[in-house]
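What follows is the content of model_0.pdb, which has PDB, C-alpha atoms, pLDDT in the B column:
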```pdb
ATOM      1  CA  MET A 128      44.045  92.348  31.075  1.00 86.00           C
ATOM      2  CA  GLN A 129      41.178  93.245  33.340  1.00 92.00           C
ATOM      3  CA  LYS A 130      40.483  91.811  36.780  1.00 95.00           C
ATOM      4  CA  LEU A 131      37.082  90.198  37.052  1.00 97.00           C
ATOM      5  CA  LYS A 132      35.538  89.437  40.434  1.00 98.00           C
ATOM      6  CA  PHE A 133      32.732  87.082  41.403  1.00 98.00           C
ATOM      7  CA  LYS A 134      31.298  86.207  44.830  1.00 98.00           C
ATOM      8  CA  LYS A 135      28.980  83.462  45.978  1.00 98.00           C
ATOM      9  CA  ASP A 136      27.627  82.727  49.463  1.00 98.00           C
ATOM     10  CA  ILE A 137      27.384  78.990  50.078  1.00 98.00           C
ATOM     11  CA  LYS A 138      25.694  77.349  53.082  1.00 98.00           C
ATOM     12  CA  ALA A 139      28.570  75.006  53.859  1.00 98.00           C
ATOM     13  CA  SER A 140      31.880  75.111  55.688  1.00 98.00           C
ATOM     14  CA  ALA A 141      34.908  76.551  53.928  1.00 98.00           C
ATOM     15  CA  GLN A 142      36.462  73.077  54.118  1.00 98.00           C
ATOM     16  CA  LYS A 143      33.491  71.500  52.313  1.00 98.00           C
ATOM     17  CA  VAL A 144      33.372  74.203  49.600  1.00 98.00           C
ATOM     18  CA  TYR A 145      37.147  73.936  49.109  1.00 98.00           C
ATOM     19  CA  GLU A 146      37.124  70.126  48.858  1.00 98.00           C
ATOM     20  CA  THR A 147      34.121  70.165  46.526  1.00 98.00           C
ATOM     21  CA  MET A 148      35.529  72.901  44.311  1.00 98.00           C
ATOM     22  CA  LEU A 149      38.855  71.148  43.818  1.00 98.00           C
ATOM     23  CA  GLY A 150      37.429  67.635  43.695  1.00 97.00           C
ATOM     24  CA  LEU A 151      39.789  66.534  46.465  1.00 96.00           C
ATOM     25  CA  GLU A 152      37.635  63.672  47.758  1.00 94.00           C
ATOM     26  CA  ASP A 153      35.936  62.952  44.438  1.00 96.00           C
ATOM     27  CA  LYS A 154      37.143  64.521  41.180  1.00 97.00           C
ATOM     28  CA  SER A 155      33.589  64.389  39.810  1.00 97.00           C
ATOM     29  CA  THR A 156      32.612  67.326  42.070  1.00 98.00           C
ATOM     30  CA  TYR A 157      35.176  69.519  40.250  1.00 98.00           C
ATOM     31  CA  GLU A 158      33.956  68.194  36.907  1.00 98.00           C
ATOM     32  CA  TYR A 159      30.321  68.891  37.879  1.00 98.00           C
ATOM     33  CA  TRP A 160      30.669  72.631  38.417  1.00 98.00           C
ATOM     34  CA  THR A 161      33.238  73.192  35.651  1.00 97.00           C
ATOM     35  CA  ALA A 162      31.099  71.364  33.051  1.00 97.00           C
ATOM     36  CA  ILE A 163      29.434  74.747  32.481  1.00 96.00           C
ATOM     37  CA  PHE A 164      32.685  75.825  30.754  1.00 95.00           C
ATOM     38  CA  ASN A 165      33.113  72.554  28.841  1.00 95.00           C
ATOM     39  CA  PRO A 166      31.119  69.330  29.387  1.00 96.00           C
ATOM     40  CA  THR A 167      34.375  67.323  29.359  1.00 97.00           C
ATOM     41  CA  SER A 168      36.230  69.624  31.770  1.00 97.00           C
ATOM     42  CA  THR A 169      38.702  67.959  34.128  1.00 97.00           C
ATOM     43  CA  TYR A 170      42.227  68.451  35.420  1.00 97.00           C
ATOM     44  CA  GLU A 171      45.468  66.483  35.325  1.00 97.00           C
ATOM     45  CA  GLY A 172      47.986  66.987  38.095  1.00 96.00           C
ATOM     46  CA  ASN A 173      47.537  68.090  41.674  1.00 95.00           C
ATOM     47  CA  TRP A 174      46.810  71.169  43.741  1.00 97.00           C
ATOM     48  CA  LYS A 175      50.110  71.364  45.686  1.00 97.00           C
ATOM     49  CA  LYS A 176      51.874  74.729  45.709  1.00 98.00           C
ATOM     50  CA  GLY A 177      54.425  74.869  42.895  1.00 97.00           C
ATOM     51  CA  SER A 178      52.833  71.986  40.973  1.00 97.00           C
ATOM     52  CA  LYS A 179      52.008  72.061  37.299  1.00 97.00           C
ATOM     53  CA  ILE A 180      48.340  71.371  36.610  1.00 98.00           C
ATOM     54  CA  LEU A 181      46.553  70.988  33.291  1.00 97.00           C
ATOM     55  CA  PHE A 182      42.938  72.103  32.942  1.00 97.00           C
ATOM     56  CA  VAL A 183      41.690  69.948  30.092  1.00 97.00           C
ATOM     57  CA  GLY A 184      38.638  69.510  27.937  1.00 96.00           C
ATOM     58  CA  VAL A 185      37.786  68.113  24.535  1.00 95.00           C
ATOM     59  CA  ASP A 186      36.283  70.294  21.804  1.00 90.00           C
ATOM     60  CA  GLU A 187      33.424  69.407  19.459  1.00 90.00           C
ATOM     61  CA  ASN A 188      35.923  67.694  17.120  1.00 91.00           C
ATOM     62  CA  GLY A 189      37.357  65.496  19.881  1.00 91.00           C
ATOM     63  CA  LYS A 190      40.598  67.485  20.170  1.00 94.00           C
ATOM     64  CA  ARG A 191      42.129  68.064  23.609  1.00 95.00           C
ATOM     65  CA  GLY A 192      42.658  71.637  24.692  1.00 94.00           C
ATOM     66  CA  GLY A 193      42.986  73.651  27.835  1.00 93.00           C
ATOM     67  CA  MET A 194      45.348  75.564  30.074  1.00 94.00           C
ATOM     68  CA  VAL A 195      48.853  74.837  31.316  1.00 95.00           C
ATOM     69  CA  SER A 196      49.058  76.286  34.800  1.00 96.00           C
ATOM     70  CA  GLU A 197      50.914  76.325  38.094  1.00 97.00           C
ATOM     71  CA  ILE A 198      49.532  76.365  41.611  1.00 98.00           C
ATOM     72  CA  ALA A 199      51.159  79.620  42.730  1.00 98.00           C
ATOM     73  CA  GLU A 200      49.741  79.555  46.262  1.00 98.00           C
ATOM     74  CA  HIS A 201      47.709  77.063  48.259  1.00 98.00           C
ATOM     75  CA  GLN A 202      46.416  77.613  51.779  1.00 98.00           C
ATOM     76  CA  PRO A 203      43.861  74.830  52.345  1.00 98.00           C
ATOM     77  CA  ALA A 204      40.268  76.066  52.725  1.00 98.00           C
ATOM     78  CA  LYS A 205      41.505  79.683  52.707  1.00 98.00           C
ATOM     79  CA  PHE A 206      43.164  80.697  49.423  1.00 98.00           C
ATOM     80  CA  ILE A 207      44.321  79.234  46.124  1.00 98.00           C
ATOM     81  CA  SER A 208      46.108  81.088  43.339  1.00 98.00           C
ATOM     82  CA  ILE A 209      46.513  79.545  39.897  1.00 97.00           C
ATOM     83  CA  ARG A 210      48.939  81.101  37.405  1.00 96.00           C
ATOM     84  CA  HIS A 211      48.225  80.308  33.770  1.00 93.00           C
ATOM     85  CA  TYR A 212      51.303  80.204  31.554  1.00 94.00           C
ATOM     86  CA  GLY A 213      50.345  78.230  28.476  1.00 93.00           C
ATOM     87  CA  PHE A 214      47.699  76.258  26.671  1.00 93.00           C
ATOM     88  CA  LEU A 215      47.183  72.771  25.316  1.00 93.00           C
ATOM     89  CA  ASP A 216      46.890  72.207  21.590  1.00 91.00           C
ATOM     90  CA  GLY A 217      46.073  68.510  21.426  1.00 93.00           C
ATOM     91  CA  ASP A 218      48.839  66.908  23.466  1.00 90.00           C
ATOM     92  CA  THR A 219      51.279  69.781  22.858  1.00 93.00           C
ATOM     93  CA  GLU A 220      51.927  72.302  25.633  1.00 93.00           C
ATOM     94  CA  VAL A 221      52.352  75.768  24.115  1.00 92.00           C
ATOM     95  CA  THR A 222      54.093  78.147  26.519  1.00 91.00           C
ATOM     96  CA  THR A 223      55.530  80.773  24.131  1.00 91.00           C
ATOM     97  CA  GLY A 224      54.276  82.857  21.242  1.00 88.00           C
ATOM     98  CA  LYS A 225      51.809  85.645  20.551  1.00 84.00           C
ATOM     99  CA  GLN A 226      48.727  83.845  21.894  1.00 80.00           C
ATOM    100  CA  VAL A 227      50.449  83.127  25.209  1.00 85.00           C
ATOM    101  CA  GLU A 228      51.912  86.635  25.510  1.00 82.00           C
ATOM    102  CA  GLU A 229      48.401  88.173  25.488  1.00 78.00           C
ATOM    103  CA  TRP A 230      47.322  86.468  28.702  1.00 76.00           C
ATOM    104  CA  GLY A 231      50.300  84.462  29.972  1.00 74.00           C
ATOM    105  CA  GLY A 232      50.968  85.021  33.649  1.00 80.00           C
ATOM    106  CA  GLY A 233      47.312  85.734  34.345  1.00 89.00           C
ATOM    107  CA  HIS A 234      46.004  84.525  37.686  1.00 95.00           C
ATOM    108  CA  GLU A 235      42.821  82.946  38.953  1.00 96.00           C
ATOM    109  CA  ASN A 236      42.461  83.407  42.723  1.00 98.00           C
ATOM    110  CA  TYR A 237      39.946  81.778  45.053  1.00 98.00           C
ATOM    111  CA  SER A 238      39.338  82.982  48.624  1.00 98.00           C
ATOM    112  CA  PHE A 239      37.168  81.110  51.139  1.00 98.00           C
ATOM    113  CA  ASP A 240      35.760  83.163  54.025  1.00 98.00           C
ATOM    114  CA  GLU A 241      33.501  81.319  56.479  1.00 98.00           C
ATOM    115  CA  HIS A 242      31.145  83.004  58.986  1.00 97.00           C
ATOM    116  CA  ASN A 243      28.322  81.278  60.872  1.00 96.00           C
ATOM    117  CA  GLY A 244      28.204  78.270  58.558  1.00 94.00           C
ATOM    118  CA  ILE A 245      28.180  80.312  55.362  1.00 98.00           C
ATOM    119  CA  THR A 246      31.252  80.473  53.155  1.00 98.00           C
ATOM    120  CA  THR A 247      31.749  83.424  50.862  1.00 98.00           C
ATOM    121  CA  LEU A 248      33.762  82.256  47.888  1.00 98.00           C
ATOM    122  CA  THR A 249      35.459  85.119  46.076  1.00 98.00           C
ATOM    123  CA  VAL A 250      36.944  84.536  42.635  1.00 98.00           C
ATOM    124  CA  GLU A 251      39.307  87.097  41.147  1.00 97.00           C
ATOM    125  CA  MET A 252      40.696  86.431  37.713  1.00 96.00           C
ATOM    126  CA  ASP A 253      42.615  88.161  34.969  1.00 94.00           C
ATOM    127  CA  ALA A 254      40.880  88.120  31.589  1.00 91.00           C
ATOM    128  CA  ILE A 255      41.777  89.576  28.232  1.00 88.00           C
ATOM    129  CA  GLU A 256      39.139  91.799  26.656  1.00 88.00           C
ATOM    130  CA  GLU A 257      37.825  89.253  24.155  1.00 87.00           C
ATOM    131  CA  TYR A 258      36.880  86.821  26.981  1.00 88.00           C
ATOM    132  CA  GLN A 259      35.442  89.281  29.523  1.00 93.00           C
ATOM    133  CA  ASP A 260      31.822  89.021  28.376  1.00 94.00           C
ATOM    134  CA  TYR A 261      32.092  85.237  28.264  1.00 94.00           C
ATOM    135  CA  PHE A 262      33.413  84.992  31.830  1.00 95.00           C
ATOM    136  CA  ASN A 263      30.986  87.635  33.148  1.00 96.00           C
ATOM    137  CA  ASN A 264      28.140  85.544  31.749  1.00 96.00           C
ATOM    138  CA  ILE A 265      29.356  82.002  32.501  1.00 96.00           C
ATOM    139  CA  TYR A 266      31.224  82.257  35.817  1.00 97.00           C
ATOM    140  CA  PRO A 267      28.133  83.085  37.932  1.00 97.00           C
ATOM    141  CA  LYS A 268      26.431  80.002  36.427  1.00 98.00           C
ATOM    142  CA  ALA A 269      29.426  77.835  37.323  1.00 98.00           C
ATOM    143  CA  LEU A 270      29.383  79.172  40.898  1.00 98.00           C
ATOM    144  CA  ASP A 271      25.661  78.358  41.116  1.00 98.00           C
ATOM    145  CA  LYS A 272      26.542  74.745  40.240  1.00 98.00           C
ATOM    146  CA  LEU A 273      29.323  74.738  42.856  1.00 98.00           C
ATOM    147  CA  LYS A 274      26.871  76.113  45.437  1.00 98.00           C
ATOM    148  CA  GLU A 275      24.326  73.425  44.542  1.00 98.00           C
ATOM    149  CA  ILE A 276      26.771  70.525  44.949  1.00 98.00           C
ATOM    150  CA  SER A 277      28.493  72.006  48.038  1.00 98.00           C
ATOM    151  CA  GLU A 278      25.200  72.423  49.914  1.00 98.00           C
ATOM    152  CA  LYS A 279      24.206  68.752  49.498  1.00 92.00           C
TER
END
```
Any chance you could put this one into structure tokens?
Amino acid sequence: MQKLKFKKDIKASAQKVYETMLGLEDKSTYEYWTAIFNPTSTYEGNWKKGSKILFVGVDENGKRGGMVSEIAEHQPAKFISIRHYGFLDGDTEVTTGKQVEEWGGGHENYSFDEHNGITTLTVEMDAIEEYQDYFNNIYPKALDKLKEISEK
């Protein structure tokens, strides 16, 4: 796996960017910026450290899919680490097997650094080779959407 890194400066407090990103006050803010990955993107669970969380979407055939993950670390408005350890196949959680072994244990880390009313959001994520181009292309677009909704 390779580490990918993305940064975005957002004219809002770290608290506002954090709450908007996670959809803490209104889940639709999370769904807004993550719709770039899948128009039906949402999550099931919560953001507490140690909690299981499912990142879910529906494919073009109406089948549920997504990631089975754990909140590995959570420091409000400062840092969040998500550890992915499985995927959803319909309503089945798959946490073992060849597909999981390729990327299982990969992390997605978010750091919020605020200075003078501007928050620099840094995203560091592990990605297997076949998804690197996809994430390099799509993640900056998702962060643009997060910036747009956070600055309102």
Return the single residue from A:Ser208, A:Thr169, A:Asn236, A:Gln129 that is closest to Asn263 in chain A, with distances computed using all atoms listed in the file. A:Gln129
Specify as JSON, numbers by chain each residue included when the PyMOL selection byres ((chain A and resi 128) around 9) is applied to this file. {"A": [129, 130, 229, 230, 233, 253, 254, 255, 256]}
Polymer residues at most 6 Å from (32.7, 76.1, 45.3) by all atoms listed in the file, as number ranges by chain: A: 144, 148, 273-274
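Applied to this file, the PyMOL selection byres ((chain A and resi 150) around 12) selects A:Gln142, A:Lys143, A:Val144, A:Tyr145, A:Glu146, A:Thr147, A:Met148, A:Leu149, A:Leu151, A:Glu152, A:Asp153, A:Lys154, A:Ser155, A:Thr156, A:Tyr157, A:Glu158, A:Tyr159, A:Trp160, A:Thr161, A:Thr169, A:Tyr170, A:Glu171, A:Gly172, A:Asn173, A:Trp174, A:Leu273, A:Ile276, A:Ser277.
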Could you spell out the hits of the PyMOL selection byres ((chain A and resi 202) around 12) on the shown file, as an MDAnalysis selection string? chainID A and resid 141:142 145 174:176 198:201 203:208 236:239
Which is closest to Lys190 in chain A among A:Asn264, A:Thr167, A:Ser140, A:Gln259, if we use only C-alpha atoms? A:Thr167
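A straight line drawn from CA of Gly184 in chain A to CA of Ala162 in chain A is 9.3 Å long.
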Axis-aligned box for range 210-213 of chain A, 5 Å per side, centre and edges in Å as AutoDock Vina command-line options:
```
--center_x 49.8 --center_y 79.7 --center_z 32.9 --size_x 13.1 --size_y 12.9 --size_z 18.9
```
Quick one: residues within 7 Å of His211 in chain A, all atoms listed in the file counted, chain neighbours fewer than 5 positions away excluded, as number ranges by chain? A: 194-197, 231-234
Length of the CA of Met252 in chain A to CA of Lys132 in chain A vector [Å]: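 If I compute the distance from CA of Met252 in chain A to CA of Lys132 in chain A, I get 6.6 Å.
Proximity ranking of A:Val250, A:Leu181, A:Leu131, A:Asp186 relative to Ala269 in chain A places A:Val250 first, based on only C-alpha atoms.
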Quick check, in Å to one decimal: how far apart do CA of Asp216 in chain A and CA of Val185 in chain A lie?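 Computing it gives 10.4 Å between the two atoms.
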Using only C-alpha atoms, find the one residue out of A:Asn188, A:Gly217, A:Ala139, A:Glu278 that sits nearest to Asn243 in chain A.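 Nearest candidate to Asn243 in chain A out of A:Asn188, A:Gly217, A:Ala139, A:Glu278: A:Ala139.
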Atoms added to range 236-247 of chain A (all heavy atoms), reported as a compact mmCIF listing (two decimals), keeping the file's coordinate frame:
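Once everything was written out, this is selection.txt:
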```txt
# COMPACT_ATOMS: atom_id res chain seq x y z
N ASN A 236 42.32 83.51 41.27
CA ASN A 236 42.46 83.41 42.72
C ASN A 236 41.12 83.10 43.37
O ASN A 236 40.10 83.70 43.01
CB ASN A 236 43.01 84.71 43.30
CG ASN A 236 44.40 85.02 42.79
OD1 ASN A 236 45.22 84.13 42.59
ND2 ASN A 236 44.67 86.29 42.56
N TYR A 237 41.15 82.19 44.33
CA TYR A 237 39.95 81.78 45.05
C TYR A 237 40.17 81.99 46.54
O TYR A 237 41.12 81.44 47.10
CB TYR A 237 39.65 80.30 44.79
CG TYR A 237 39.35 80.00 43.35
CD1 TYR A 237 40.37 79.74 42.45
CD2 TYR A 237 38.04 79.99 42.88
CE1 TYR A 237 40.10 79.48 41.11
CE2 TYR A 237 37.76 79.72 41.55
CZ TYR A 237 38.79 79.47 40.67
OH TYR A 237 38.51 79.21 39.35
N SER A 238 39.27 82.76 47.18
CA SER A 238 39.34 82.98 48.62
C SER A 238 38.08 82.42 49.27
O SER A 238 36.97 82.61 48.76
CB SER A 238 39.42 84.48 48.93
OG SER A 238 40.56 85.04 48.34
N PHE A 239 38.26 81.73 50.39
CA PHE A 239 37.17 81.11 51.14
C PHE A 239 37.08 81.80 52.50
O PHE A 239 38.03 81.76 53.26
CB PHE A 239 37.45 79.62 51.36
CG PHE A 239 37.74 78.86 50.09
CD1 PHE A 239 39.01 78.87 49.53
CD2 PHE A 239 36.75 78.14 49.46
CE1 PHE A 239 39.29 78.16 48.37
CE2 PHE A 239 37.01 77.43 48.29
CZ PHE A 239 38.28 77.45 47.74
N ASP A 240 35.93 82.42 52.78
CA ASP A 240 35.76 83.16 54.02
C ASP A 240 34.48 82.68 54.70
O ASP A 240 33.38 82.95 54.22
CB ASP A 240 35.68 84.67 53.71
CG ASP A 240 35.68 85.52 54.95
OD1 ASP A 240 36.20 85.07 56.00
OD2 ASP A 240 35.16 86.65 54.88
N GLU A 241 34.65 81.94 55.80
CA GLU A 241 33.50 81.32 56.48
C GLU A 241 33.07 82.11 57.70
O GLU A 241 33.90 82.48 58.54
CB GLU A 241 33.86 79.89 56.90
CG GLU A 241 32.72 79.15 57.56
CD GLU A 241 33.09 77.75 58.03
OE1 GLU A 241 34.15 77.24 57.62
OE2 GLU A 241 32.33 77.18 58.83
N HIS A 242 31.74 82.36 57.81
CA HIS A 242 31.14 83.00 58.99
C HIS A 242 29.79 82.36 59.25
O HIS A 242 28.94 82.33 58.36
CB HIS A 242 30.95 84.51 58.77
CG HIS A 242 32.23 85.28 58.72
ND1 HIS A 242 33.00 85.50 59.82
CD2 HIS A 242 32.87 85.85 57.68
CE1 HIS A 242 34.07 86.19 59.47
NE2 HIS A 242 34.02 86.41 58.17
N ASN A 243 29.61 81.85 60.46
CA ASN A 243 28.32 81.28 60.87
C ASN A 243 27.77 80.24 59.89
O ASN A 243 26.59 80.26 59.55
CB ASN A 243 27.29 82.39 61.09
CG ASN A 243 27.72 83.36 62.16
OD1 ASN A 243 28.30 82.96 63.18
ND2 ASN A 243 27.46 84.63 61.96
N GLY A 244 28.64 79.36 59.43
CA GLY A 244 28.20 78.27 58.56
C GLY A 244 27.98 78.65 57.11
O GLY A 244 27.53 77.82 56.31
N ILE A 245 28.29 79.88 56.76
CA ILE A 245 28.18 80.31 55.36
C ILE A 245 29.57 80.71 54.89
O ILE A 245 30.27 81.49 55.54
CB ILE A 245 27.20 81.49 55.20
CG1 ILE A 245 25.79 81.03 55.58
CG2 ILE A 245 27.25 82.05 53.77
CD1 ILE A 245 24.76 82.13 55.57
N THR A 246 29.96 80.15 53.74
CA THR A 246 31.25 80.47 53.16
C THR A 246 31.04 81.41 51.98
O THR A 246 30.25 81.11 51.08
CB THR A 246 31.98 79.20 52.67
OG1 THR A 246 32.20 78.37 53.81
CG2 THR A 246 33.30 79.53 52.00
N THR A 247 31.73 82.53 52.01
CA THR A 247 31.75 83.42 50.86
C THR A 247 32.97 83.06 50.03
O THR A 247 34.10 83.16 50.50
CB THR A 247 31.82 84.90 51.29
OG1 THR A 247 30.67 85.19 52.10
CG2 THR A 247 31.84 85.82 50.08
```
